[in-house]
$ cat entry-v4.cif   # mmCIF, C-alpha atoms
data_run
loop_
_atom_site.label_atom_id
_atom_site.label_comp_id
_atom_site.auth_asym_id
_atom_site.auth_seq_id
_atom_site.Cartn_x
_atom_site.Cartn_y
_atom_site.Cartn_z
CA MET Z 1 76.68 12.72 160.33
CA ALA Z 2 73.66 14.91 161.04
CA SER Z 3 72.90 15.74 157.41
CA ILE Z 4 72.65 12.05 156.45
CA VAL Z 5 70.37 11.24 159.41
CA LEU Z 6 68.13 14.22 158.60
CA LEU Z 7 68.05 13.33 154.90
CA GLY Z 8 67.09 9.76 155.80
CA LEU Z 9 64.33 10.93 158.12
CA GLY Z 10 63.08 13.38 155.49
CA LEU Z 11 63.09 10.67 152.85
CA ALA Z 12 61.18 8.29 155.13
CA GLY Z 13 58.49 10.91 155.76
CA TYR Z 14 58.32 11.85 152.10
CA SER Z 15 57.96 8.18 151.13
CA ALA Z 16 55.08 7.52 153.54
CA TRP Z 17 52.69 7.48 150.57
CA LEU Z 18 53.94 3.95 149.86
CA LEU Z 19 51.85 2.82 152.83
CA GLU Z 20 48.80 3.15 150.59
CA PHE Z 21 49.70 -0.26 149.15
CA PHE Z 22 49.38 -1.83 152.60
CA MET Z 23 46.27 -0.12 153.95
CA GLN Z 24 42.75 0.75 152.83
CA THR Z 25 42.61 4.39 151.69
CA GLY Z 26 39.86 4.50 149.08
CA VAL Z 27 42.21 6.56 146.87
CA SER Z 28 42.85 5.42 143.31
CA PRO Z 29 46.63 5.31 142.66
CA THR Z 30 46.02 5.76 138.93
CA GLU Z 31 43.48 8.59 138.75
CA GLN Z 32 43.66 10.48 142.05
CA PRO Z 33 46.69 12.64 142.89
CA VAL Z 34 48.84 11.52 145.77
CA TRP Z 35 47.75 14.38 148.02
CA GLU Z 36 44.28 12.83 148.19
CA LEU Z 37 45.87 10.39 150.65
CA PHE Z 38 46.09 13.23 153.18
CA ARG Z 39 42.31 13.21 153.49
CA ALA Z 40 42.12 9.43 153.65
CA GLN Z 41 44.35 8.67 156.65
CA PRO Z 42 46.02 11.01 159.20
CA VAL Z 43 49.30 9.06 158.99
CA PHE Z 44 50.07 10.60 155.58
CA PRO Z 45 50.02 14.32 156.50
CA VAL Z 46 51.76 13.64 159.82
CA ALA Z 47 54.60 11.65 158.18
CA THR Z 48 54.92 14.25 155.42
CA ALA Z 49 55.12 17.09 157.94
CA ILE Z 50 57.83 15.23 159.90
CA GLY Z 51 59.72 14.65 156.65
CA GLY Z 52 59.36 18.34 155.81
CA LEU Z 53 60.78 19.36 159.17
CA ALA Z 54 63.73 17.02 158.64
CA PHE Z 55 64.44 18.49 155.18
CA PHE Z 56 64.11 22.01 156.59
CA LEU Z 57 66.77 21.20 159.21
CA THR Z 58 68.97 19.50 156.61
CA GLY Z 59 69.52 22.82 154.80
CA PRO Z 60 71.63 24.42 157.57
CA ALA Z 61 73.53 21.15 158.08
CA LEU Z 62 74.41 21.14 154.37
CA MET Z 63 75.77 24.70 154.61
CA ARG Z 64 78.80 23.18 156.35
CA LEU Z 65 79.30 20.65 153.54
CA ALA Z 66 78.57 22.59 150.36
CA PRO Z 67 81.20 24.94 148.94
CA ALA Z 68 80.96 28.51 150.19
CA HIS Z 69 79.69 30.13 146.99
CA TRP Z 70 76.26 30.90 145.58
CA SER Z 71 75.56 27.52 143.96
CA GLY Z 72 76.47 25.56 147.09
CA ARG Z 73 74.36 27.91 149.20
CA LEU Z 74 71.49 27.57 146.72
CA THR Z 75 71.54 23.79 147.20
CA SER Z 76 71.20 24.19 150.96
CA VAL Z 77 68.47 26.82 150.67
CA SER Z 78 66.50 24.73 148.16
CA VAL Z 79 66.53 21.72 150.54
CA SER Z 80 65.19 23.88 153.38
CA ALA Z 81 62.62 25.48 151.05
CA PHE Z 82 61.53 22.00 150.00
CA GLY Z 83 61.05 21.15 153.68
CA ILE Z 84 58.95 24.25 154.28
CA MET Z 85 56.80 23.47 151.24
CA LEU Z 86 56.30 19.89 152.48
CA MET Z 87 55.08 21.13 155.84
CA VAL Z 88 52.66 23.54 154.14
CA TYR Z 89 51.61 20.77 151.76
CA ALA Z 90 50.83 18.47 154.69
CA GLY Z 91 48.71 21.16 156.33
CA VAL Z 92 46.92 22.47 153.23
CA PRO Z 93 47.01 19.68 150.62
CA GLU Z 94 44.14 21.03 148.52
CA THR Z 95 46.11 23.98 147.12
CA VAL Z 96 47.49 23.54 143.60
CA VAL Z 97 50.30 26.02 144.26
CA THR Z 98 52.19 23.96 146.84
CA PRO Z 99 52.91 20.90 144.63
CA ASN Z 100 54.27 23.26 141.97
CA LEU Z 101 56.44 25.05 144.54
CA LEU Z 102 57.70 21.64 145.71
CA SER Z 103 58.60 20.78 142.13
CA ALA Z 104 60.29 24.16 141.69
CA ALA Z 105 62.39 23.67 144.85
CA VAL Z 106 63.54 20.25 143.63
CA ALA Z 107 64.34 21.61 140.16
CA VAL Z 108 66.34 24.53 141.61
CA GLY Z 109 68.20 22.12 143.88
CA ALA Z 110 69.08 19.85 140.94
CA LEU Z 111 70.17 22.84 138.85
CA SER Z 112 72.40 24.17 141.64
CA LEU Z 113 74.23 20.82 141.81
CA VAL Z 114 75.15 21.13 138.14
CA PHE Z 115 77.25 24.19 139.01
CA TRP Z 116 79.35 22.73 141.81
CA TRP Z 117 79.44 18.94 141.74
CA PRO Z 118 82.64 17.52 140.18
CA SER Z 119 82.49 16.25 136.59
CA GLY Z 120 81.34 12.63 137.15
CA TRP Z 121 78.71 13.71 139.63
CA ARG Z 122 77.80 16.71 137.49
CA ALA Z 123 76.61 14.40 134.71
CA CYS Z 124 74.40 12.70 137.30
CA ALA Z 125 73.06 16.12 138.41
CA VAL Z 126 72.22 17.00 134.79
CA GLY Z 127 70.37 13.69 134.42
CA CYS Z 128 68.47 14.36 137.65
CA LEU Z 129 67.48 17.83 136.45
CA VAL Z 130 66.16 16.48 133.14
CA VAL Z 131 64.14 13.73 134.84
CA VAL Z 132 62.78 16.15 137.49
CA LEU Z 133 61.60 18.57 134.79
CA LEU Z 134 60.10 15.75 132.72
CA ALA Z 135 58.20 14.37 135.75
CA TRP Z 136 56.94 17.86 136.55
CA ALA Z 137 55.73 18.34 132.95
CA LEU Z 138 53.89 15.00 133.08
CA VAL Z 139 52.17 16.00 136.33
CA VAL Z 140 51.08 19.34 134.86
CA ALA Z 141 49.81 17.62 131.69
CA SER Z 142 47.91 14.97 133.67
CA THR Z 143 46.37 17.67 135.89
CA LEU Z 144 45.17 19.59 132.83
CA THR Z 145 43.76 16.51 131.09
CA GLY Z 146 42.40 14.87 134.24
CA HIS Z 147 43.87 11.46 133.32
CA TRP Z 148 46.60 9.43 135.01
CA GLU Z 149 47.16 12.14 137.59
CA GLY Z 150 47.61 9.51 140.28
CA VAL Z 151 50.30 7.69 138.33
CA PHE Z 152 52.31 10.78 137.44
CA THR Z 153 52.14 12.41 140.88
CA ARG Z 154 53.50 9.18 142.35
CA VAL Z 155 56.18 8.90 139.66
CA GLN Z 156 57.20 12.44 140.55
CA LEU Z 157 57.61 11.46 144.22
CA VAL Z 158 59.81 8.54 143.18
CA VAL Z 159 61.95 10.90 141.06
CA HIS Z 160 62.30 13.37 143.93
CA SER Z 161 63.24 10.55 146.32
CA ALA Z 162 65.85 9.25 143.87
CA GLN Z 163 67.43 12.69 143.79
CA VAL Z 164 67.61 12.75 147.59
CA VAL Z 165 69.27 9.31 147.57
CA ILE Z 166 71.83 10.47 144.99
CA GLY Z 167 72.53 13.59 147.05
CA GLY Z 168 73.00 11.44 150.15
CA ALA Z 169 75.40 9.17 148.23
CA TYR Z 170 77.45 12.23 147.25
CA ILE Z 171 77.64 13.37 150.88
CA VAL Z 172 78.72 9.91 152.06
CA GLN Z 173 81.47 9.47 149.47
CA THR Z 174 82.95 12.98 149.74
CA PRO Z 175 85.49 13.29 152.56
CA VAL Z 176 85.08 16.14 155.02
CA PRO Z 177 88.35 18.05 155.62
CA VAL Z 178 89.69 18.59 159.12
CA SER Z 179 88.10 22.04 159.24
CA GLY Z 180 84.69 20.30 159.07
CA ARG Z 181 83.76 21.91 155.75
CA LYS Z 182 83.79 20.18 152.38
CA LEU Z 183 85.91 21.82 149.75
CA SER Z 184 84.75 22.91 146.35
CA VAL Z 185 86.51 21.27 143.40
CA ALA Z 186 88.65 24.42 142.96
CA GLY Z 187 89.42 24.47 146.69
CA ALA Z 188 90.46 20.82 146.69
CA MET Z 189 92.75 21.40 143.68
CA LEU Z 190 94.32 24.44 145.35
CA ARG Z 191 94.94 22.48 148.56
CA SER Z 192 96.52 19.57 146.70
CA SER Z 193 98.83 21.92 144.72
CA ARG Z 194 99.98 23.56 147.99
CA HIS Z 195 100.83 20.15 149.44
CA ARG Z 196 102.93 19.28 146.39
CA LYS Z 197 105.14 22.36 146.85
#
$ encode --input "entry-v4.cif" --output "structure tokens"
Amino acid sequence: MASIVLLGLGLAGYSAWLLEFFMQTGVSPTEQPVWELFRAQPVFPVATAIGGLAFFLTGPALMRLAPAHWSGRLTSVSVSAFGIMLMVYAGVPETVVTPNLLSAAVAVGALSLVFWWPSGWRACAVGCLVVVLLAWALVVASTLTGHWEGVFTRVQLVVHSAQVVIGGAYIVQTPVPVSGRKLSVAGAMLRSSRHRK
């Protein structure tokens, strides 16, 4: 499935910062924000840009899987927007705006899932949204105080990656109907009631 492959590639690129634990970067993981890695070694911006491209391409692939209403579309658009922001982030890491736009794209994506995932998964989406917003608040607070910025920017990346993994798990476990498009909860209920008649 194309969306899973693209999500995996995007996640791999987005997680390239973990290489800092295996190579000399001169960047403090506790005090310096994660984007300082982009200046330290070229592998970090290149991997992030590749991950961004993969997320950008994931959006259209998800259009076929998400329900055909505004919240499903918003999920797909937020994934593509996240990919665009990652590519910009890789090219211009020194801007403060891009990390906040990245956080906003992830928060919007998590919020959109609350409106269309089925009940068990919806609780997971609500939890993701709360954790995403909390991580974002910690990053903003650490940026303003100038302490622990490295820790909280890296925690935020872990939170974002966890949300991608949960989204991928949802895609894998949800069957795709013969038409090639996943049904919304209401659509699945309507189809099952027609089959009973």
$ resolve_selection --input "entry-v4.cif" --expression "the PyMOL selection byres ((chain Z and resi 142) around 12)" --output "PyMOL selection string"
chain Z and resi 30-33+135-141+143-156
$ resolve_selection --input "entry-v4.cif" --expression "the PyMOL selection byres ((chain Z and resi 11) around 10)" --output "VMD selection string"
chain Z and resid 5 to 10 12 to 16 48 50 to 52 54 to 55 160 to 162 164 to 165
$ resolve_selection --input "entry-v4.cif" --expression "the PyMOL selection byres ((chain Z and resi 39) around 12)" --output "list in words"
Thr25, Gly26, Val27, Gln32, Pro33, Val34, Trp35, Glu36, Leu37, Phe38, Ala40, Gln41, Pro42, Val43, Phe44, Pro45, Val46, Ala90, Gly91, Val92, Pro93 and Glu94 of chain Z
$ atom_distance --input "entry-v4.cif" --atom1 "atom CA of Ala104 of chain Z" --atom2 "atom CA of Pro29 of chain Z"
23.3 Å
$ closest_residue --input "entry-v4.cif" --among "Z:Gly83, Z:Thr95, Z:Gly120, Z:Val172" --to "Pro60 of chain Z" --atoms "all atoms listed in the file"
Z:Gly83
$ atom_distance --input "entry-v4.cif" --atom1 "atom CA of Ala49 of chain Z" --atom2 "atom CA of Arg73 of chain Z"
23.7 Å
